[in-house]
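First comes the structure, then the notes that go with it.
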Amino acid sequence: MKLAYYPGCSLESTAVEYDLSSRAVCRAVGLELEELPDWSCCGASSAHGTNHLLSLALPARNIKLAQEAGLDIVAPCAACSNRLKFADYTLRHNREEREKVETAADFSFTGETAVLTMLEAVVTKAGIPAVKAAVVKPLAGLKLVCYYGCLLVRPLEVCTFDDPENPVSMDKLMAALGADVLDWSYKTDCCGAALTMPRAGTVTGLVGNLLEQATAAGAQAVVTSCPVCQSNLEMRRLHHGGPPVFFFTELMGLAFGLPGSQDWLKKHLVDPLPLLHKLSLAG
């Protein structure tokens with residue numbers, strides 16, 4: 001299955017390991033990613049706080065490109081996918097806003113293009129059976145908690161994927177890799193990344209609580225699908241301690257035995273390889 005791929009700004013900079021692992025694991029489970037030509041910033045983190053029309057027109061332009069290609073669009077970043085889904089929802093349900101956005105982005109919205117998160121694409125387009133079939137080195141002994149963050153599955157009417165309070169799709173995916181998935185009550189709590197500059201003390205407290213709760217649950221690792229969450233947790237982990245933080249696609253790559261999977265992990269701020277070596281999950 002071919003999907004239009006929208007890497008977004010983070011996956012070409014601070015989260016390049018998420019980009020590399022996403023492309024690799026999609027190939028392994030039969031998903032062909034075709035990067036959108038001339039894609040542009042979706043405006044996440046700033047546009048919706050400054051200009052409403054801009055916050056819709058920026059992601060709509062990328063939906064336009066996918067629509068022209070005749071493909072559904074997948075965005076790995078939770079912030080990017082949230083903005084794309086919000087624009088898609090508005091275009092589908094608000095005629096007045098749609099006309100303004102269509103004029104600004106210079107296209108006519110057909111509604112034929114679906115917007116997917118990377119997690120959503122893997123689970124619903126490839127499927128858990130395909131994931132299990134690709135596993136050659138199960139993540140046996142790795143105890144982890146899945147952290148969805150505040151944007152991946154909320155708001156429900158916009159994201160329409162998984163439960164907004166107790167999502168389970170990533171849990172099922174990690175279980176299919178052979179990991180020991182632990183239950184905890186902080187799956188969708190905000191890490192405060194957007195407040196890193198103006199209210200650093202607040203963010204430190206939020207991240208500290210998440211890492212403490214993950215440790216209390218018995219987790220050796222935290223797994224996420226958001227580059228903003230991952231970098232925020234990892235940076236704060238330098239001060240708080242706690243388990244390392246992986247992108248879910250990185251762990252898929254390890255379980256699939258994909259070439260270069262351990263090289264992705266070397267790009268982390270906090271080295272997760274000692275844990276993997278301890279569990280004999282890395283060479």
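Here's how to read the names in the structure tokens: chain A, B, ... by the order shown, residue numbers from 1 in each chain, ligand numbers from 1 in the order shown.
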Please provide as number ranges by chain all residues within 12 Å of Leu139 of chain A, with the sequence filter that same-chain residues fewer than 2 positions apart are discarded (counting only C-alpha atoms). A: 132, 135-137, 141-144, 173-181, 221, 250-257, 275-277, 279-282
Write out as a PDB file with C-alpha atoms, in the first residue's frame each polymer residue whose atoms come within 8 Å of segment 50-62 of chain A, counting only C-alpha atoms; drop sequence neighbours fewer than 5 positions from it.
```pdb
ATOM      1  CA  TYR A   6       4.763  14.017   5.469  1.00  0.00           C
ATOM      2  CA  LEU A  36       5.253  14.687  -0.567  1.00  0.00           C
ATOM      3  CA  TRP A  39       5.841  19.821   1.530  1.00  0.00           C
ATOM      4  CA  SER A  40       5.799  22.762   3.912  1.00  0.00           C
ATOM      5  CA  CYS A  41       5.581  23.407   7.655  1.00  0.00           C
ATOM      6  CA  CYS A  42       2.177  22.606   9.142  1.00  0.00           C
ATOM      7  CA  GLY A  43       2.402  25.496  11.614  1.00  0.00           C
ATOM      8  CA  ALA A  44       2.314  23.300  14.716  1.00  0.00           C
ATOM      9  CA  ARG A  83      -2.797  19.960  12.887  1.00  0.00           C
ATOM     10  CA  LEU A  84      -3.398  18.056   9.654  1.00  0.00           C
ATOM     11  CA  PHE A  86      -7.758  19.455  12.603  1.00  0.00           C
ATOM     12  CA  ALA A  87      -7.577  21.103   9.173  1.00  0.00           C
ATOM     13  CA  ASP A  88      -9.173  18.028   7.588  1.00  0.00           C
ATOM     14  CA  LYS A 100     -11.616  30.545   3.140  1.00  0.00           C
ATOM     15  CA  VAL A 101      -9.007  27.798   3.372  1.00  0.00           C
ATOM     16  CA  GLU A 102      -9.558  26.690  -0.214  1.00  0.00           C
ATOM     17  CA  ALA A 104      -5.847  30.645   0.770  1.00  0.00           C
ATOM     18  CA  ALA A 105      -4.366  27.265  -0.252  1.00  0.00           C
TER      19      ALA A 105
END
```
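Proximity of A:Ser231, A:Thr117, A:Ser225, A:Thr103 to Asp72 of chain A, computed with only C-alpha atoms, is greatest for A:Thr117.
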Shell of 10 Å around segment 192-196 of chain A, only C-alpha atoms, local chain residues under 4 positions omitted, as a ChimeraX atom specification: /A:45-46,149-150,200-207,228-233
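Take the candidates A:Leu11, A:Ala79, A:Val25, A:Leu91 and check each one against Arg154 of chain A using only C-alpha atoms; the shortest distance goes to A:Ala79.
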Suppose you want the space between atom CA of Asp106 of chain A and atom CA of Gly49 of chain A; what is it in Å?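 Between atom CA of Asp106 of chain A and atom CA of Gly49 of chain A the gap is 22.9 Å.
Note that the spacing between atom CA of Thr224 of chain A and atom CA of Tyr147 of chain A amounts to 5.0 Å.
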So the first atom is atom CA of Glu212 of chain A and the second is atom CA of Cys146 of chain A; what is the distance between them in Å, to one decimal place?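 Taking atom CA of Glu212 of chain A as the start and atom CA of Cys146 of chain A as the end point, the length is 14.3 Å.
Selecting alpha helix (DSSP H) from the backbone DSSP output for segment 75-112 of chain A yields A:Ala78, A:Ala79, A:Cys80, A:Ser81, A:Asn82, A:Arg83, A:Leu84, A:Lys85, A:Phe86, A:Ala87, A:Asp88, A:Tyr89, A:Thr90, A:Leu91, A:Arg92, A:His93, A:Arg95, A:Glu96, A:Glu97, A:Arg98, A:Glu99, A:Lys100, A:Val101, A:Glu102, A:Thr103, A:Ala104, A:Ala105.
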With N, CA and C atoms kept, could you save the residues just selected as an mmCIF file, in the first residue's frame?
```cif
data_model
loop_
_atom_site.group_PDB
_atom_site.id
_atom_site.type_symbol
_atom_site.label_atom_id
_atom_site.label_comp_id
_atom_site.auth_asym_id
_atom_site.auth_seq_id
_atom_site.Cartn_x
_atom_site.Cartn_y
_atom_site.Cartn_z
ATOM 1 N N ALA A 78 3.189 13.662 16.236
ATOM 2 C CA ALA A 78 1.860 13.823 16.821
ATOM 3 C C ALA A 78 1.342 15.245 16.650
ATOM 4 N N ALA A 79 2.225 16.236 16.743
ATOM 5 C CA ALA A 79 1.806 17.624 16.570
ATOM 6 C C ALA A 79 1.402 17.885 15.122
ATOM 7 N N CYS A 80 2.203 17.375 14.181
ATOM 8 C CA CYS A 80 1.885 17.547 12.764
ATOM 9 C C CYS A 80 0.575 16.854 12.410
ATOM 10 N N SER A 81 0.442 15.604 12.823
ATOM 11 C CA SER A 81 -0.775 14.861 12.488
ATOM 12 C C SER A 81 -1.996 15.519 13.104
ATOM 13 N N ASN A 82 -1.844 16.089 14.302
ATOM 14 C CA ASN A 82 -2.955 16.762 14.956
ATOM 15 C C ASN A 82 -3.406 17.980 14.166
ATOM 16 N N ARG A 83 -2.446 18.771 13.668
ATOM 17 C CA ARG A 83 -2.797 19.960 12.887
ATOM 18 C C ARG A 83 -3.396 19.572 11.534
ATOM 19 N N LEU A 84 -2.847 18.523 10.919
ATOM 20 C CA LEU A 84 -3.398 18.056 9.654
ATOM 21 C C LEU A 84 -4.817 17.519 9.842
ATOM 22 N N LYS A 85 -5.013 16.764 10.919
ATOM 23 C CA LYS A 85 -6.341 16.225 11.185
ATOM 24 C C LYS A 85 -7.336 17.336 11.531
ATOM 25 N N PHE A 86 -6.865 18.347 12.244
ATOM 26 C CA PHE A 86 -7.758 19.455 12.603
ATOM 27 C C PHE A 86 -8.188 20.215 11.346
ATOM 28 N N ALA A 87 -7.237 20.433 10.429
ATOM 29 C CA ALA A 87 -7.577 21.103 9.173
ATOM 30 C C ALA A 87 -8.556 20.250 8.374
ATOM 31 N N ASP A 88 -8.296 18.945 8.315
ATOM 32 C CA ASP A 88 -9.173 18.028 7.588
ATOM 33 C C ASP A 88 -10.579 18.038 8.187
ATOM 34 N N TYR A 89 -10.664 18.018 9.510
ATOM 35 C CA TYR A 89 -11.958 18.039 10.188
ATOM 36 C C TYR A 89 -12.718 19.324 9.857
ATOM 37 N N THR A 90 -12.014 20.450 9.890
ATOM 38 C CA THR A 90 -12.644 21.738 9.600
ATOM 39 C C THR A 90 -13.125 21.800 8.159
ATOM 40 N N LEU A 91 -12.314 21.313 7.242
ATOM 41 C CA LEU A 91 -12.694 21.311 5.829
ATOM 42 C C LEU A 91 -13.923 20.438 5.584
ATOM 43 N N ARG A 92 -14.072 19.399 6.347
ATOM 44 C CA ARG A 92 -15.205 18.482 6.173
ATOM 45 C C ARG A 92 -16.487 18.984 6.829
ATOM 46 N N HIS A 93 -16.357 19.781 7.889
ATOM 47 C CA HIS A 93 -17.525 20.097 8.700
ATOM 48 C C HIS A 93 -17.905 21.576 8.768
ATOM 49 N N ARG A 95 -18.381 24.686 6.251
ATOM 50 C CA ARG A 95 -18.369 25.170 4.858
ATOM 51 C C ARG A 95 -17.746 26.556 4.746
ATOM 52 N N GLU A 96 -18.102 27.442 5.674
ATOM 53 C CA GLU A 96 -17.571 28.812 5.622
ATOM 54 C C GLU A 96 -16.056 28.818 5.754
ATOM 55 N N GLU A 97 -15.549 28.054 6.717
ATOM 56 C CA GLU A 97 -14.105 27.979 6.906
ATOM 57 C C GLU A 97 -13.442 27.295 5.705
ATOM 58 N N ARG A 98 -14.087 26.257 5.171
ATOM 59 C CA ARG A 98 -13.521 25.548 4.028
ATOM 60 C C ARG A 98 -13.305 26.490 2.844
ATOM 61 N N GLU A 99 -14.262 27.330 2.578
ATOM 62 C CA GLU A 99 -14.136 28.245 1.449
ATOM 63 C C GLU A 99 -12.965 29.201 1.640
ATOM 64 N N LYS A 100 -12.748 29.655 2.864
ATOM 65 C CA LYS A 100 -11.616 30.545 3.140
ATOM 66 C C LYS A 100 -10.289 29.819 2.957
ATOM 67 N N VAL A 101 -10.237 28.585 3.464
ATOM 68 C CA VAL A 101 -9.007 27.798 3.372
ATOM 69 C C VAL A 101 -8.710 27.415 1.923
ATOM 70 N N GLU A 102 -9.743 27.037 1.194
ATOM 71 C CA GLU A 102 -9.558 26.690 -0.214
ATOM 72 C C GLU A 102 -9.001 27.865 -1.002
ATOM 73 N N THR A 103 -9.466 29.048 -0.695
ATOM 74 C CA THR A 103 -8.959 30.249 -1.366
ATOM 75 C C THR A 103 -7.505 30.500 -0.990
ATOM 76 N N ALA A 104 -7.210 30.382 0.294
ATOM 77 C CA ALA A 104 -5.847 30.645 0.770
ATOM 78 C C ALA A 104 -4.855 29.613 0.237
ATOM 79 N N ALA A 105 -5.263 28.338 0.188
ATOM 80 C CA ALA A 105 -4.366 27.265 -0.252
ATOM 81 C C ALA A 105 -4.502 26.958 -1.739
#
```
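Distances from A:Gly260, A:Leu152, A:Lys2, A:Glu12 to Ala69 of chain A were compared using only C-alpha atoms, and the smallest one belongs to A:Lys2.
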Give the answer as one residue: which of A:Gly283, A:Phe247, A:Thr215, A:His239 has the shortest atom-to-atom distance to Gln262 of chain A, using only C-alpha atoms?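 Counting only C-alpha atoms, the residue closest to Gln262 of chain A is A:Gly283.
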DSSP on the backbone, strand (DSSP E or B) only: what residues of segment 30-262 of chain A does that give? Format it as JSON, numbers by chain. {"A": [32, 33, 34, 35, 73, 74, 75, 115, 116, 117, 143, 144, 145, 146, 147, 180, 181, 221, 222, 223, 224, 245, 246, 247]}
Measuring between only C-alpha atoms, which one of A:Leu116, A:Val122, A:Leu273, A:Ser185 shows the shortest distance to Cys159 of chain A?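 Ranked by minimum distance to Cys159 of chain A, first place goes to A:Leu116.
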Distance query Pro164 of chain A at most 10 Å, only C-alpha atoms, self and fewer than 6 positions along chain excluded, as number ranges by chain: A: 148, 150-157, 187-188
Just want the 8 Å neighbourhood of Pro243 of chain A, counted on only C-alpha atoms, with same-chain residues fewer than 6 positions away dropped. Output as a list of chain:residue names.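 The contact residues come out as A:Leu211, A:Ala214, A:Thr215, A:Ala219, A:Gln220, A:Ala221, A:Val222, A:Arg237.
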Prev. selection, N, CA and C atoms, output as a PDB file, in the first residue's frame:
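And here is the file that came out, out_36.pdb:
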```
ATOM      1  N   LEU A 211       8.233  10.589  34.543  1.00  0.00           N
ATOM      2  CA  LEU A 211       9.341   9.647  34.677  1.00  0.00           C
ATOM      3  C   LEU A 211       9.276   8.879  35.995  1.00  0.00           C
ATOM      4  N   ALA A 214       6.521   6.282  35.597  1.00  0.00           N
ATOM      5  CA  ALA A 214       6.956   5.179  34.737  1.00  0.00           C
ATOM      6  C   ALA A 214       7.849   4.227  35.520  1.00  0.00           C
ATOM      7  N   THR A 215       8.742   4.794  36.311  1.00  0.00           N
ATOM      8  CA  THR A 215       9.632   3.971  37.141  1.00  0.00           C
ATOM      9  C   THR A 215       8.842   3.200  38.189  1.00  0.00           C
ATOM     10  N   ALA A 219       8.690   0.182  34.765  1.00  0.00           N
ATOM     11  CA  ALA A 219       9.152   0.279  33.384  1.00  0.00           C
ATOM     12  C   ALA A 219      10.658   0.458  33.278  1.00  0.00           C
ATOM     13  N   GLN A 220      11.236  -0.236  32.320  1.00  0.00           N
ATOM     14  CA  GLN A 220      12.640  -0.044  31.965  1.00  0.00           C
ATOM     15  C   GLN A 220      12.782   0.923  30.802  1.00  0.00           C
ATOM     16  N   ALA A 221      11.659   1.238  30.158  1.00  0.00           N
ATOM     17  CA  ALA A 221      11.676   2.130  29.003  1.00  0.00           C
ATOM     18  C   ALA A 221      10.310   2.780  28.834  1.00  0.00           C
ATOM     19  N   VAL A 222      10.327   3.958  28.220  1.00  0.00           N
ATOM     20  CA  VAL A 222       9.111   4.656  27.814  1.00  0.00           C
ATOM     21  C   VAL A 222       9.101   4.680  26.296  1.00  0.00           C
ATOM     22  N   ARG A 237      15.257  13.966  31.407  1.00  0.00           N
ATOM     23  CA  ARG A 237      15.748  12.743  32.045  1.00  0.00           C
ATOM     24  C   ARG A 237      17.196  12.907  32.494  1.00  0.00           C
TER      25      ARG A 237
END
```
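Candidate residues A:Leu210, A:Ala134, A:Met170, A:Cys77 were compared for distance to Ala15 of chain A, and the nearest is A:Cys77, using only C-alpha atoms.
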